[in-house]
$ cat my_file.csv   # CSV, C-alpha atoms
chain,number,residue,atom,x,y,z
A,1,ASP,CA,82.7,75.0,129.3
A,2,TYR,CA,81.3,73.6,126.1
A,3,TRP,CA,78.0,73.6,124.3
A,4,SER,CA,77.1,70.4,122.5
A,5,VAL,CA,74.6,70.5,119.7
A,6,MET,CA,72.9,67.4,118.3
A,7,LYS,CA,70.9,67.9,115.2
A,8,LYS,CA,68.1,65.5,114.2
A,9,MET,CA,67.0,66.3,110.7
A,10,HIS,CA,63.4,66.1,109.6
A,11,GLY,CA,62.8,63.0,107.5
A,12,VAL,CA,66.2,61.4,108.3
A,13,THR,CA,66.0,58.2,110.4
A,14,LYS,CA,69.7,57.8,111.3
A,15,ALA,CA,71.9,60.7,112.2
A,16,ASN,CA,74.7,60.4,114.7
A,17,ILE,CA,75.9,64.0,115.2
A,18,PHE,CA,77.6,65.6,118.1
A,19,THR,CA,79.0,69.1,118.1
A,20,PRO,CA,80.8,70.5,121.1
A,21,LEU,CA,81.1,74.3,121.0
A,22,LEU,CA,83.0,76.6,123.3
A,23,LEU,CA,80.6,78.6,125.5
A,24,LEU,CA,80.8,82.3,125.0
A,25,ALA,CA,82.7,84.1,127.7
A,26,SER,CA,82.2,87.8,127.3
A,27,THR,CA,84.7,90.1,129.1
A,28,ASN,CA,83.1,93.3,127.9
A,29,ALA,CA,79.5,94.1,128.6
A,30,ARG,CA,79.5,96.8,126.0
A,31,SER,CA,80.9,95.0,122.9
A,32,MET,CA,82.0,91.7,121.6
A,33,SER,CA,85.7,90.8,121.3
A,34,THR,CA,87.5,91.7,118.1
A,35,SER,CA,90.4,89.3,118.7
A,36,PRO,CA,92.0,87.8,115.6
A,37,ARG,CA,90.0,85.1,113.9
A,38,ARG,CA,91.0,81.6,114.6
A,39,SER,CA,90.6,78.8,112.1
A,40,LEU,CA,88.7,75.7,112.9
A,41,THR,CA,88.6,72.4,111.1
A,42,ALA,CA,86.6,69.2,111.3
A,43,SER,CA,86.9,65.7,110.1
A,44,LEU,CA,84.1,64.1,108.0
A,45,ASN,CA,84.5,60.4,107.8
A,46,THR,CA,82.4,58.8,105.0
A,47,GLY,CA,83.5,55.2,104.7
A,48,SER,CA,87.1,55.0,103.5
A,49,ASN,CA,87.2,58.7,102.5
A,50,LYS,CA,88.4,61.2,105.1
A,51,SER,CA,88.5,64.9,104.2
A,52,VAL,CA,89.3,68.0,106.2
A,53,MET,CA,86.7,70.8,106.0
A,54,ASN,CA,86.4,74.2,107.5
A,55,ARG,CA,84.1,75.3,110.2
A,56,TYR,CA,81.8,75.9,107.2
A,57,LYS,CA,79.0,75.2,109.4
A,58,PHE,CA,78.0,72.4,111.6
A,59,LEU,CA,74.3,72.5,110.4
A,60,SER,CA,75.1,72.2,106.7
A,61,SER,CA,77.8,69.7,107.4
A,62,THR,CA,75.7,67.6,109.7
A,63,THR,CA,72.9,67.6,107.0
A,64,ALA,CA,75.4,66.0,104.7
A,65,ALA,CA,76.4,63.6,107.4
A,66,ALA,CA,72.8,62.6,108.0
A,67,PHE,CA,72.4,61.9,104.3
A,68,PHE,CA,75.6,59.9,104.1
A,69,GLY,CA,75.3,58.2,107.5
A,70,ALA,CA,78.5,59.7,108.8
A,71,THR,CA,79.5,61.3,112.0
A,72,THR,CA,80.8,64.9,112.1
A,73,PHE,CA,82.7,66.5,115.0
A,74,VAL,CA,83.3,70.3,115.1
A,75,MET,CA,85.2,72.1,117.8
A,76,ALA,CA,85.0,75.9,118.0
A,77,THR,CA,88.2,77.4,119.4
A,78,ASP,CA,86.7,80.9,119.7
A,79,PRO,CA,83.0,81.4,119.8
A,80,GLU,CA,83.1,85.1,119.1
A,81,SER,CA,84.9,84.8,115.7
A,82,CYS,CA,85.7,81.9,113.4
A,83,SER,CA,87.0,81.7,109.9
A,84,ALA,CA,87.8,79.1,107.3
A,85,ALA,CA,91.1,77.2,107.2
A,86,GLU,CA,93.6,79.2,105.2
A,87,ASN,CA,94.8,76.2,103.1
A,88,GLY,CA,92.1,76.1,100.5
A,89,ALA,CA,93.6,73.0,99.0
A,90,ILE,CA,92.6,70.9,101.9
A,91,VAL,CA,89.3,72.5,102.6
A,92,LYS,CA,86.3,70.8,101.2
A,93,ARG,CA,82.8,72.3,101.5
A,94,ILE,CA,80.3,69.7,102.3
A,95,GLY,CA,76.9,71.4,102.4
A,96,PHE,CA,74.2,69.4,100.9
A,97,PRO,CA,74.9,66.4,98.7
A,98,ALA,CA,75.4,67.0,94.9
A,99,SER,CA,72.1,65.2,94.3
A,100,PHE,CA,70.2,67.7,96.4
A,101,SER,CA,67.6,69.3,94.2
A,102,VAL,CA,67.3,73.0,93.6
A,103,PRO,CA,64.8,74.3,94.6
A,104,ALA,CA,64.5,72.1,97.6
A,105,LYS,CA,61.9,69.4,97.8
A,106,GLU,CA,61.6,69.9,101.5
A,107,ARG,CA,59.7,72.9,102.8
A,108,TYR,CA,61.5,72.8,106.2
A,109,PHE,CA,63.8,70.8,108.4
A,110,ASP,CA,63.0,70.0,112.0
A,111,TYR,CA,65.8,69.4,114.4
A,112,GLU,CA,66.9,69.6,118.0
A,113,LEU,CA,69.6,71.8,119.4
A,114,GLU,CA,70.9,70.3,122.7
A,115,MET,CA,73.0,72.7,124.6
A,116,LYS,CA,75.2,71.5,127.5
A,117,ILE,CA,77.0,74.0,129.8
A,118,GLY,CA,79.0,73.8,133.0
A,119,GLU,CA,81.0,70.7,132.1
A,120,GLY,CA,84.3,72.2,133.3
A,121,PRO,CA,85.9,71.1,136.6
A,122,ASP,CA,84.2,74.0,138.4
A,123,GLY,CA,81.0,74.0,136.5
A,124,ASN,CA,77.5,72.9,137.3
A,125,PRO,CA,76.6,70.5,134.5
A,126,ARG,CA,73.2,71.1,132.9
A,127,SER,CA,71.6,70.8,129.6
A,128,ARG,CA,68.8,72.4,127.6
A,129,GLY,CA,67.2,71.2,124.4
A,130,VAL,CA,65.5,73.4,121.8
A,131,PHE,CA,63.4,72.1,118.9
A,132,VAL,CA,63.6,74.4,115.9
A,133,ARG,CA,62.2,74.5,112.4
A,134,ARG,CA,64.3,75.8,109.6
A,135,PHE,CA,62.4,77.1,106.5
A,136,THR,CA,64.0,76.3,103.2
A,137,GLY,CA,62.0,78.9,101.3
A,138,ASP,CA,61.1,76.3,98.7
A,139,ALA,CA,58.3,73.7,98.2
A,140,THR,CA,55.7,76.2,99.4
A,141,PRO,CA,52.2,77.1,97.9
A,142,PHE,CA,53.2,80.8,97.8
A,143,SER,CA,53.9,82.9,94.7
A,144,PHE,CA,56.4,85.7,94.7
A,145,PRO,CA,55.6,88.8,92.7
A,146,VAL,CA,58.1,91.7,92.6
A,147,SER,CA,56.7,95.2,92.2
A,148,PRO,CA,58.9,98.3,91.9
A,149,VAL,CA,58.2,101.0,94.5
A,150,ARG,CA,59.1,104.6,93.5
A,151,LEU,CA,61.2,106.5,95.9
A,152,VAL,CA,59.9,110.1,95.7
A,153,LYS,CA,60.9,112.0,98.8
A,154,GLU,CA,63.6,114.6,98.2
A,155,TRP,CA,66.0,114.8,101.2
A,156,PRO,CA,68.1,117.9,102.0
A,157,SER,CA,71.8,117.9,101.4
A,158,GLU,CA,72.5,117.4,105.1
A,159,PRO,CA,70.8,114.8,107.4
A,160,PRO,CA,67.8,116.4,109.1
A,161,PHE,CA,67.7,113.9,111.9
A,162,SER,CA,68.0,114.8,115.6
A,163,LYS,CA,69.4,112.7,118.4
A,164,GLU,CA,65.8,112.1,119.7
A,165,ASP,CA,65.0,110.4,116.4
A,166,PHE,CA,67.4,107.6,117.3
A,167,PHE,CA,66.2,107.2,120.9
A,168,ARG,CA,64.7,103.9,122.0
A,169,ALA,CA,62.3,103.0,124.7
A,170,ASP,CA,64.9,100.6,126.1
A,171,GLU,CA,68.2,102.3,126.2
A,172,ASN,CA,69.8,99.6,128.3
A,173,ASP,CA,72.9,97.8,127.1
A,174,ASP,CA,71.9,95.9,123.9
A,175,GLN,CA,74.3,93.1,124.9
A,176,SER,CA,72.1,92.3,127.8
A,177,PHE,CA,69.0,92.2,125.6
A,178,TYR,CA,70.6,89.8,123.1
A,179,THR,CA,72.5,87.6,125.6
A,180,VAL,CA,70.1,84.7,125.3
A,181,PRO,CA,70.1,83.2,121.8
A,182,ARG,CA,66.7,83.3,120.0
A,183,PHE,CA,66.4,80.3,117.7
A,184,VAL,CA,63.2,81.7,116.2
A,185,TYR,CA,62.1,83.6,113.1
A,186,HIS,CA,61.2,87.3,113.4
A,187,ILE,CA,59.1,87.2,110.2
A,188,ASP,CA,56.6,84.6,109.0
A,189,GLU,CA,57.3,81.8,106.5
A,190,PRO,CA,55.9,83.6,103.4
A,191,ALA,CA,58.1,86.6,104.1
A,192,VAL,CA,61.1,84.3,104.6
A,193,ALA,CA,60.3,82.4,101.4
A,194,SER,CA,59.9,85.6,99.3
A,195,LEU,CA,63.3,86.9,100.5
A,196,THR,CA,65.0,83.5,99.8
A,197,GLN,CA,63.6,83.6,96.2
A,198,TYR,CA,64.7,87.2,95.7
A,199,TYR,CA,68.2,86.3,96.8
A,200,ARG,CA,68.3,83.3,94.4
A,201,LYS,CA,67.5,85.6,91.5
A,202,ASN,CA,69.5,88.6,92.4
A,203,ILE,CA,72.8,87.4,93.9
A,204,PRO,CA,75.2,86.1,91.2
A,205,LYS,CA,76.9,82.8,91.7
A,206,LYS,CA,80.4,82.9,93.2
A,207,SER,CA,79.7,86.1,95.0
A,208,ASP,CA,81.4,86.9,98.3
A,209,VAL,CA,78.6,87.8,100.6
A,210,LEU,CA,78.3,89.5,104.0
A,211,ASP,CA,75.2,89.3,106.1
A,212,ILE,CA,75.2,92.1,108.7
A,213,CYS,CA,73.0,92.0,111.8
A,214,SER,CA,72.8,88.2,111.2
A,215,SER,CA,71.5,85.5,113.5
A,216,TRP,CA,71.1,81.7,113.3
A,217,VAL,CA,69.6,82.0,109.8
A,218,SER,CA,70.4,84.2,106.9
A,219,HIS,CA,67.5,83.2,104.6
A,220,TYR,CA,69.8,82.4,101.7
A,221,PRO,CA,68.8,79.5,99.4
A,222,LEU,CA,70.2,76.2,100.5
A,223,GLU,CA,72.5,75.9,97.5
A,224,PHE,CA,74.3,79.1,98.4
A,225,THR,CA,76.7,77.0,100.5
A,226,ASN,CA,78.0,75.4,97.4
A,227,THR,CA,77.5,78.1,94.7
A,228,MET,CA,78.8,81.2,96.5
A,229,GLY,CA,82.3,82.2,97.5
A,230,ARG,CA,82.8,83.4,101.0
A,231,ILE,CA,79.7,84.0,103.2
A,232,SER,CA,80.5,86.0,106.2
A,233,GLY,CA,78.3,87.2,109.0
A,234,THR,CA,78.2,89.7,111.9
A,235,GLY,CA,75.6,89.8,114.6
A,236,MET,CA,75.0,90.5,118.2
A,237,ASN,CA,74.9,86.9,119.5
A,238,ALA,CA,77.9,84.6,118.9
A,239,LEU,CA,75.9,81.5,119.8
A,240,GLU,CA,73.3,82.3,117.1
A,241,LEU,CA,76.1,82.8,114.6
A,242,ILE,CA,77.6,79.5,115.5
A,243,ALA,CA,74.3,77.9,114.6
A,244,ASN,CA,74.0,79.6,111.2
A,245,ASP,CA,74.7,76.8,108.7
A,246,GLN,CA,75.5,79.1,105.8
A,247,LEU,CA,78.4,81.2,107.1
A,248,THR,CA,81.9,80.4,106.3
A,249,ASP,CA,83.1,82.8,109.0
A,250,TYR,CA,81.5,85.1,111.5
A,251,LYS,CA,82.3,87.9,113.9
A,252,ALA,CA,80.1,88.9,116.8
A,253,THR,CA,79.8,92.6,116.6
A,254,ASP,CA,77.7,95.3,118.3
A,255,LEU,CA,77.3,97.9,115.6
A,256,ASN,CA,75.5,100.3,118.0
A,257,VAL,CA,78.6,100.5,120.2
A,258,GLU,CA,81.2,100.3,117.4
A,259,PRO,CA,79.8,101.0,113.9
A,260,LYS,CA,82.7,99.4,112.2
A,261,LEU,CA,82.8,96.2,110.1
A,262,PRO,CA,85.8,94.0,110.9
A,263,TYR,CA,86.7,93.4,107.2
A,264,ASP,CA,89.2,94.8,104.7
A,265,ASP,CA,88.2,97.3,102.0
A,266,ALA,CA,86.6,95.9,98.9
A,267,SER,CA,86.1,92.4,100.4
A,268,PHE,CA,82.5,91.6,99.3
A,269,ASP,CA,80.3,91.6,96.2
A,270,VAL,CA,77.0,91.7,98.1
A,271,VAL,CA,76.0,92.8,101.6
A,272,THR,CA,72.6,91.8,103.0
A,273,CYS,CA,70.7,93.2,106.1
A,274,VAL,CA,67.4,91.5,107.1
A,275,VAL,CA,64.8,93.3,109.1
A,276,SER,CA,67.4,95.0,111.3
A,277,ILE,CA,68.2,98.4,110.1
A,278,ASP,CA,65.5,99.8,112.4
A,279,TYR,CA,67.6,98.9,115.4
A,280,LEU,CA,70.7,100.8,114.3
A,281,ILE,CA,71.3,104.1,116.1
A,282,HIS,CA,74.2,104.9,113.8
A,283,PRO,CA,72.8,103.7,110.4
A,284,ILE,CA,74.6,106.2,108.2
A,285,GLU,CA,78.0,105.3,109.7
A,286,VAL,CA,77.2,101.6,109.3
A,287,LEU,CA,76.3,102.1,105.6
A,288,LYS,CA,79.5,104.0,105.1
A,289,GLU,CA,81.2,100.9,106.4
A,290,VAL,CA,79.2,98.8,104.0
A,291,HIS,CA,80.3,101.0,101.2
A,292,ARG,CA,83.9,100.5,102.3
A,293,VAL,CA,83.8,96.7,102.3
A,294,LEU,CA,81.9,96.4,99.0
A,295,ARG,CA,83.8,96.1,95.8
A,296,PRO,CA,83.0,98.6,93.0
A,297,GLY,CA,79.8,97.6,91.4
A,298,GLY,CA,78.8,95.5,94.5
A,299,LYS,CA,75.4,96.0,96.1
A,300,ILE,CA,73.6,96.1,99.4
A,301,ILE,CA,70.2,94.5,99.7
A,302,ILE,CA,68.3,95.8,102.7
A,303,SER,CA,65.1,93.9,103.5
A,304,GLN,CA,62.4,95.2,105.8
A,305,SER,CA,59.0,94.1,107.1
A,306,ASN,CA,56.7,95.6,109.7
A,307,ARG,CA,57.9,93.4,112.5
A,308,CYS,CA,60.2,94.6,115.2
A,309,PHE,CA,61.1,94.7,118.9
A,310,PRO,CA,59.4,98.0,119.7
A,311,SER,CA,61.5,98.6,122.7
A,312,LYS,CA,64.7,98.4,120.6
A,313,ALA,CA,63.6,100.1,117.4
A,314,ILE,CA,64.5,103.8,117.0
A,315,SER,CA,61.8,106.4,117.8
A,316,MET,CA,61.2,107.8,114.3
A,317,TRP,CA,60.9,104.3,112.8
A,318,LEU,CA,58.0,103.5,115.1
A,319,GLN,CA,56.2,106.7,113.9
A,320,MET,CA,56.4,105.7,110.2
A,321,ASN,CA,54.5,103.4,107.9
A,322,ASP,CA,56.0,100.9,105.4
A,323,ARG,CA,56.4,103.4,102.6
A,324,GLN,CA,58.1,105.9,104.9
A,325,HIS,CA,60.5,103.2,106.0
A,326,LEU,CA,61.6,102.7,102.5
A,327,GLU,CA,62.1,106.5,102.0
A,328,LEU,CA,64.1,106.6,105.3
A,329,ILE,CA,66.4,103.8,104.2
A,330,ASN,CA,66.9,105.6,100.9
A,331,ALA,CA,68.0,108.7,102.9
A,332,TYR,CA,70.5,106.7,105.0
A,333,LEU,CA,72.1,105.5,101.7
A,334,GLN,CA,72.1,109.0,100.3
A,335,TYR,CA,73.9,110.4,103.3
A,336,ALA,CA,76.3,107.4,103.4
A,337,GLY,CA,77.4,108.4,99.9
A,338,GLY,CA,79.0,106.6,97.0
A,339,PHE,CA,75.9,104.7,95.9
A,340,LYS,CA,74.0,104.9,92.7
A,341,PRO,CA,70.3,105.9,92.8
A,342,ARG,CA,68.5,103.3,94.9
A,343,GLU,CA,65.7,101.0,93.9
A,344,ALA,CA,62.9,99.7,96.0
A,345,PHE,CA,60.6,96.7,95.6
A,346,ASP,CA,57.6,95.1,97.2
A,347,ILE,CA,58.3,91.4,97.3
A,348,THR,CA,55.5,90.4,99.6
A,349,ALA,CA,54.5,86.8,98.9
A,350,GLU,CA,51.0,85.9,97.7
A,351,VAL,CA,49.3,83.3,99.9
A,352,PRO,CA,46.5,81.0,98.8
A,353,GLY,CA,43.2,82.2,100.3
A,354,ASN,CA,44.6,85.8,100.6
A,355,SER,CA,45.2,85.3,104.3
A,356,TYR,CA,47.3,87.8,106.1
A,357,ASN,CA,51.1,87.5,106.0
A,358,ASP,CA,54.0,89.7,106.8
A,359,PRO,CA,54.9,92.2,104.1
A,360,MET,CA,58.4,92.2,102.7
A,361,PHE,CA,60.2,95.1,101.0
A,362,ILE,CA,63.7,95.6,99.5
A,363,VAL,CA,65.9,98.6,99.1
A,364,GLU,CA,68.9,97.9,96.9
A,365,ALA,CA,71.9,100.1,96.2
A,366,ILE,CA,74.9,99.6,94.0
A,367,LYS,CA,78.3,101.0,94.9
A,368,GLU,CA,79.6,103.4,92.3
A,369,ALA,CA,82.7,102.3,90.4

$ encode --input "my_file.csv" --output "C-alpha cells"
Amino acid sequence: DYWSVMKKMHGVTKANIFTPLLLLASTNARSMSTSPRRSLTASLNTGSNKSVMNRYKFLSSTTAAAFFGATTFVMATDPESCSAAENGAIVKRIGFPASFSVPAKERYFDYELEMKIGEGPDGNPRSRGVFVRRFTGDATPFSFPVSPVRLVKEWPSEPPFSKEDFFRADENDDQSFYTVPRFVYHIDEPAVASLTQYYRKNIPKKSDVLDICSSWVSHYPLEFTNTMGRISGTGMNALELIANDQLTDYKATDLNVEPKLPYDDASFDVVTCVVSIDYLIHPIEVLKEVHRVLRPGGKIIISQSNRCFPSKAISMWLQMNDRQHLELINAYLQYAGGFKPREAFDITAEVPGNSYNDPMFIVEAIKEA
C-alpha cells in the first residue's frame, strides 16, 4: 500500500507534485521498529538540470519545485525510519530557493495532503484529503521578549518521585492513541512564532540537531533546512515524521516503552523537545540518553506551554502550575546528570491588543565538557 501526498502551496498557482509514500505496517503494538535505516533518493528535474537529492523532505523539496515549476517524486522505502543518502557528493539539499528571504515574507503556507491507501492487489482503494496550514513564525504582528526565570527550588540528592507521580489517566498503549496522524498544532500561532524566533537566535549555524518527541512540524525557522547540518527526528507517529519538511532523517520511537535514542554517542550539537516532556513516564532516563547523544558543550532546549492531552500527561504535571513545571524540568536534568546549571526563560509572545495567547517557556541545559 502507498500514501500519496499532493501539496498545493499557498500563493503558488502552478505546482505539479506527487509523492507516493509507503504506508506504515506496524508489527509490534508496543513499539516502533528499530530496523536499520534505509536511504532514499529523489530526482528533481528543473529544465536541463537533474540532481539527486536525499529524502530531505518532500515538503521543503516540493516547495522548491513549486517555485521552479518542477515535478518532484519521492518514494519512502521504510516509513518507520529514513536517512540521507550516504554519498554526500551527489546529495543536493533543495529546501527553499536561494532568493528566499529571511525572515520569511509569508506568514503561513496552506496546502493539501492527499492520502491514498489500499492500492495493493488485495487492498480497498480509498483516499482522504487534509488541508493544513503551516506557520512560518515570521511576518507576524507579534513581538518576542525573552525574560529570565530564576530556578530556586532545591531538590534532594535522590529523586523524590513515586510511581504514582508518573501515572496517567489513560494507561492504554500509547501506540493506539497516536496511531492516527494529527496534522494540527498543539500550541497557538504566537507560541509557535516565539519558539521559532528563539531557535533562530540560539541555535548556531551548521549545528547537527535532534528533535525528540517530534511530529509533522519542528517549529524551526525555514532557513534551517539550508543553514544547519543534520536535522534528525524521533516521534510516535511515522506518518507525521514523513510529513516533517525539515528532517534529514527520522526514526519512529516510543520513548515510554524504550527510553533509548537510536543514535551514536556525541552525534548532535543541539537537542530540542517541544511541549512533550509532560508525556514521558521515564523523563530522567530519556534525558540521560540526550546527554549521551550530545557533544560536549552541546545543549538541550526544552520548551513548554500549558497545553496538553490531560489523559496522557503524568499525574504530578497536572497538579502543577507553569512555574512548578519549570522547576520539575530542572529536577529531571539534575538527576540525569552531566549538565551545567540550567537556565529558564519566559518567551511568551506579546500580541497586539493584549488578547490571550498560549504562554511559552524554555529550560536550557548545556552538557559539561

$ atom_distance --input "my_file.csv" --atom1 "atom CA of Phe345 of chain A" --atom2 "atom CA of Glu289 of chain A"
23.6 Å

$ residues_near_point --input "my_file.csv" --point "(70.9, 88.5, 111.6)" --cutoff "6 Å" --atoms "all atoms listed in the file" --output "VMD selection string"
chain A and resid 213 to 215 235

$ residues_around --input "my_file.csv" --residues "Arg323 of chain A" --least-positions-apart "6" --cutoff "10 Å" --atoms "only C-alpha atoms" --output "ChimeraX atom specification"
/A:149-151,344,346,361

$ closest_residue --input "my_file.csv" --among "A:Pro296, A:Gly233, A:Pro141, A:Pro204" --to "Ala365 of chain A" --atoms "all atoms listed in the file"
A:Pro296

$ closest_residue --input "my_file.csv" --among "A:Ala104, A:Leu261, A:Ile231, A:Ala331" --to "Val209 of chain A" --atoms "only C-alpha atoms"
A:Ile231

$ atom_distance --input "my_file.csv" --atom1 "atom CA of Glu327 of chain A" --atom2 "atom CA of Glu343 of chain A"
10.4 Å

$ closest_residue --input "my_file.csv" --among "A:Tyr111, A:Tyr198, A:Tyr332, A:Phe135" --to "Ala349 of chain A" --atoms "only C-alpha atoms"
A:Tyr198

$ atom_distance --input "my_file.csv" --atom1 "atom CA of Leu195 of chain A" --atom2 "atom CA of Pro103 of chain A"
14.0 Å

$ closest_residue --input "my_file.csv" --among "A:Gly298, A:Gly338, A:Pro262, A:Pro190" --to "Glu350 of chain A" --atoms "only C-alpha atoms"
A:Pro190

$ build_atoms --input "my_file.csv" --residues "segment 252-273 of chain A" --atoms "N, CA, C and O atoms" --output "PDB file, in the coordinates of the input"
ATOM      1  N   ALA A 252      81.114  88.249 115.985  1.00  0.00           N
ATOM      2  CA  ALA A 252      80.100  88.900 116.800  1.00  0.00           C
ATOM      3  C   ALA A 252      80.442  90.334 117.020  1.00  0.00           C
ATOM      4  O   ALA A 252      81.528  90.655 117.502  1.00  0.00           O
ATOM      5  N   THR A 253      79.529  91.220 116.627  1.00  0.00           N
ATOM      6  CA  THR A 253      79.800  92.600 116.600  1.00  0.00           C
ATOM      7  C   THR A 253      78.569  93.429 117.031  1.00  0.00           C
ATOM      8  O   THR A 253      77.466  93.162 116.540  1.00  0.00           O
ATOM      9  N   ASP A 254      78.749  94.396 117.919  1.00  0.00           N
ATOM     10  CA  ASP A 254      77.700  95.300 118.300  1.00  0.00           C
ATOM     11  C   ASP A 254      77.845  96.603 117.555  1.00  0.00           C
ATOM     12  O   ASP A 254      78.632  97.470 117.951  1.00  0.00           O
ATOM     13  N   LEU A 255      77.130  96.767 116.465  1.00  0.00           N
ATOM     14  CA  LEU A 255      77.300  97.900 115.600  1.00  0.00           C
ATOM     15  C   LEU A 255      76.716  99.205 116.256  1.00  0.00           C
ATOM     16  O   LEU A 255      76.994 100.306 115.769  1.00  0.00           O
ATOM     17  N   ASN A 256      75.944  99.070 117.311  1.00  0.00           N
ATOM     18  CA  ASN A 256      75.500 100.300 118.000  1.00  0.00           C
ATOM     19  C   ASN A 256      76.517 100.812 118.976  1.00  0.00           C
ATOM     20  O   ASN A 256      76.437 101.964 119.387  1.00  0.00           O
ATOM     21  N   VAL A 257      77.504  99.995 119.328  1.00  0.00           N
ATOM     22  CA  VAL A 257      78.600 100.500 120.200  1.00  0.00           C
ATOM     23  C   VAL A 257      79.784 100.883 119.288  1.00  0.00           C
ATOM     24  O   VAL A 257      80.383 101.946 119.488  1.00  0.00           O
ATOM     25  N   GLU A 258      80.102 100.066 118.318  1.00  0.00           N
ATOM     26  CA  GLU A 258      81.200 100.300 117.400  1.00  0.00           C
ATOM     27  C   GLU A 258      80.747 100.111 115.982  1.00  0.00           C
ATOM     28  O   GLU A 258      80.727  98.983 115.485  1.00  0.00           O
ATOM     29  N   PRO A 259      80.311 101.200 115.297  1.00  0.00           N
ATOM     30  CA  PRO A 259      79.800 101.000 113.900  1.00  0.00           C
ATOM     31  C   PRO A 259      80.874 100.823 112.896  1.00  0.00           C
ATOM     32  O   PRO A 259      81.027 101.593 111.935  1.00  0.00           O
ATOM     33  N   LYS A 260      81.649  99.772 113.110  1.00  0.00           N
ATOM     34  CA  LYS A 260      82.700  99.400 112.200  1.00  0.00           C
ATOM     35  C   LYS A 260      82.583  97.949 111.824  1.00  0.00           C
ATOM     36  O   LYS A 260      82.245  97.118 112.666  1.00  0.00           O
ATOM     37  N   LEU A 261      82.848  97.631 110.571  1.00  0.00           N
ATOM     38  CA  LEU A 261      82.800  96.200 110.100  1.00  0.00           C
ATOM     39  C   LEU A 261      84.224  95.683 110.115  1.00  0.00           C
ATOM     40  O   LEU A 261      85.139  96.321 109.570  1.00  0.00           O
ATOM     41  N   PRO A 262      84.431  94.520 110.708  1.00  0.00           N
ATOM     42  CA  PRO A 262      85.800  94.000 110.900  1.00  0.00           C
ATOM     43  C   PRO A 262      86.302  93.273 109.624  1.00  0.00           C
ATOM     44  O   PRO A 262      86.737  92.108 109.660  1.00  0.00           O
ATOM     45  N   TYR A 263      86.266  93.978 108.501  1.00  0.00           N
ATOM     46  CA  TYR A 263      86.700  93.400 107.200  1.00  0.00           C
ATOM     47  C   TYR A 263      87.506  94.412 106.441  1.00  0.00           C
ATOM     48  O   TYR A 263      87.359  95.631 106.617  1.00  0.00           O
ATOM     49  N   ASP A 264      88.333  93.911 105.544  1.00  0.00           N
ATOM     50  CA  ASP A 264      89.200  94.800 104.700  1.00  0.00           C
ATOM     51  C   ASP A 264      88.333  95.496 103.662  1.00  0.00           C
ATOM     52  O   ASP A 264      87.203  95.093 103.341  1.00  0.00           O
ATOM     53  N   ASP A 265      88.904  96.548 103.114  1.00  0.00           N
ATOM     54  CA  ASP A 265      88.200  97.300 102.000  1.00  0.00           C
ATOM     55  C   ASP A 265      87.996  96.330 100.851  1.00  0.00           C
ATOM     56  O   ASP A 265      88.795  95.423 100.574  1.00  0.00           O
ATOM     57  N   ALA A 266      86.879  96.580 100.147  1.00  0.00           N
ATOM     58  CA  ALA A 266      86.600  95.900  98.900  1.00  0.00           C
ATOM     59  C   ALA A 266      86.655  94.349  99.067  1.00  0.00           C
ATOM     60  O   ALA A 266      87.278  93.646  98.262  1.00  0.00           O
ATOM     61  N   SER A 267      86.023  93.823 100.129  1.00  0.00           N
ATOM     62  CA  SER A 267      86.100  92.400 100.400  1.00  0.00           C
ATOM     63  C   SER A 267      84.885  91.615  99.876  1.00  0.00           C
ATOM     64  O   SER A 267      84.949  90.394  99.757  1.00  0.00           O
ATOM     65  N   PHE A 268      83.767  92.307  99.563  1.00  0.00           N
ATOM     66  CA  PHE A 268      82.500  91.600  99.300  1.00  0.00           C
ATOM     67  C   PHE A 268      81.855  92.149  97.998  1.00  0.00           C
ATOM     68  O   PHE A 268      82.006  93.308  97.638  1.00  0.00           O
ATOM     69  N   ASP A 269      81.102  91.252  97.369  1.00  0.00           N
ATOM     70  CA  ASP A 269      80.300  91.600  96.200  1.00  0.00           C
ATOM     71  C   ASP A 269      78.885  92.032  96.597  1.00  0.00           C
ATOM     72  O   ASP A 269      78.249  92.834  95.912  1.00  0.00           O
ATOM     73  N   VAL A 270      78.391  91.444  97.684  1.00  0.00           N
ATOM     74  CA  VAL A 270      77.000  91.700  98.100  1.00  0.00           C
ATOM     75  C   VAL A 270      77.005  91.774  99.655  1.00  0.00           C
ATOM     76  O   VAL A 270      77.674  90.984 100.324  1.00  0.00           O
ATOM     77  N   VAL A 271      76.243  92.736 100.184  1.00  0.00           N
ATOM     78  CA  VAL A 271      76.000  92.800 101.600  1.00  0.00           C
ATOM     79  C   VAL A 271      74.470  92.743 101.806  1.00  0.00           C
ATOM     80  O   VAL A 271      73.719  93.406 101.081  1.00  0.00           O
ATOM     81  N   THR A 272      74.014  91.934 102.747  1.00  0.00           N
ATOM     82  CA  THR A 272      72.600  91.800 103.000  1.00  0.00           C
ATOM     83  C   THR A 272      72.331  92.259 104.489  1.00  0.00           C
ATOM     84  O   THR A 272      73.185  92.106 105.359  1.00  0.00           O
ATOM     85  N   CYS A 273      71.131  92.780 104.711  1.00  0.00           N
ATOM     86  CA  CYS A 273      70.700  93.200 106.100  1.00  0.00           C
ATOM     87  C   CYS A 273      69.206  92.884 106.143  1.00  0.00           C
ATOM     88  O   CYS A 273      68.411  93.489 105.408  1.00  0.00           O
TER      89      CYS A 273
END
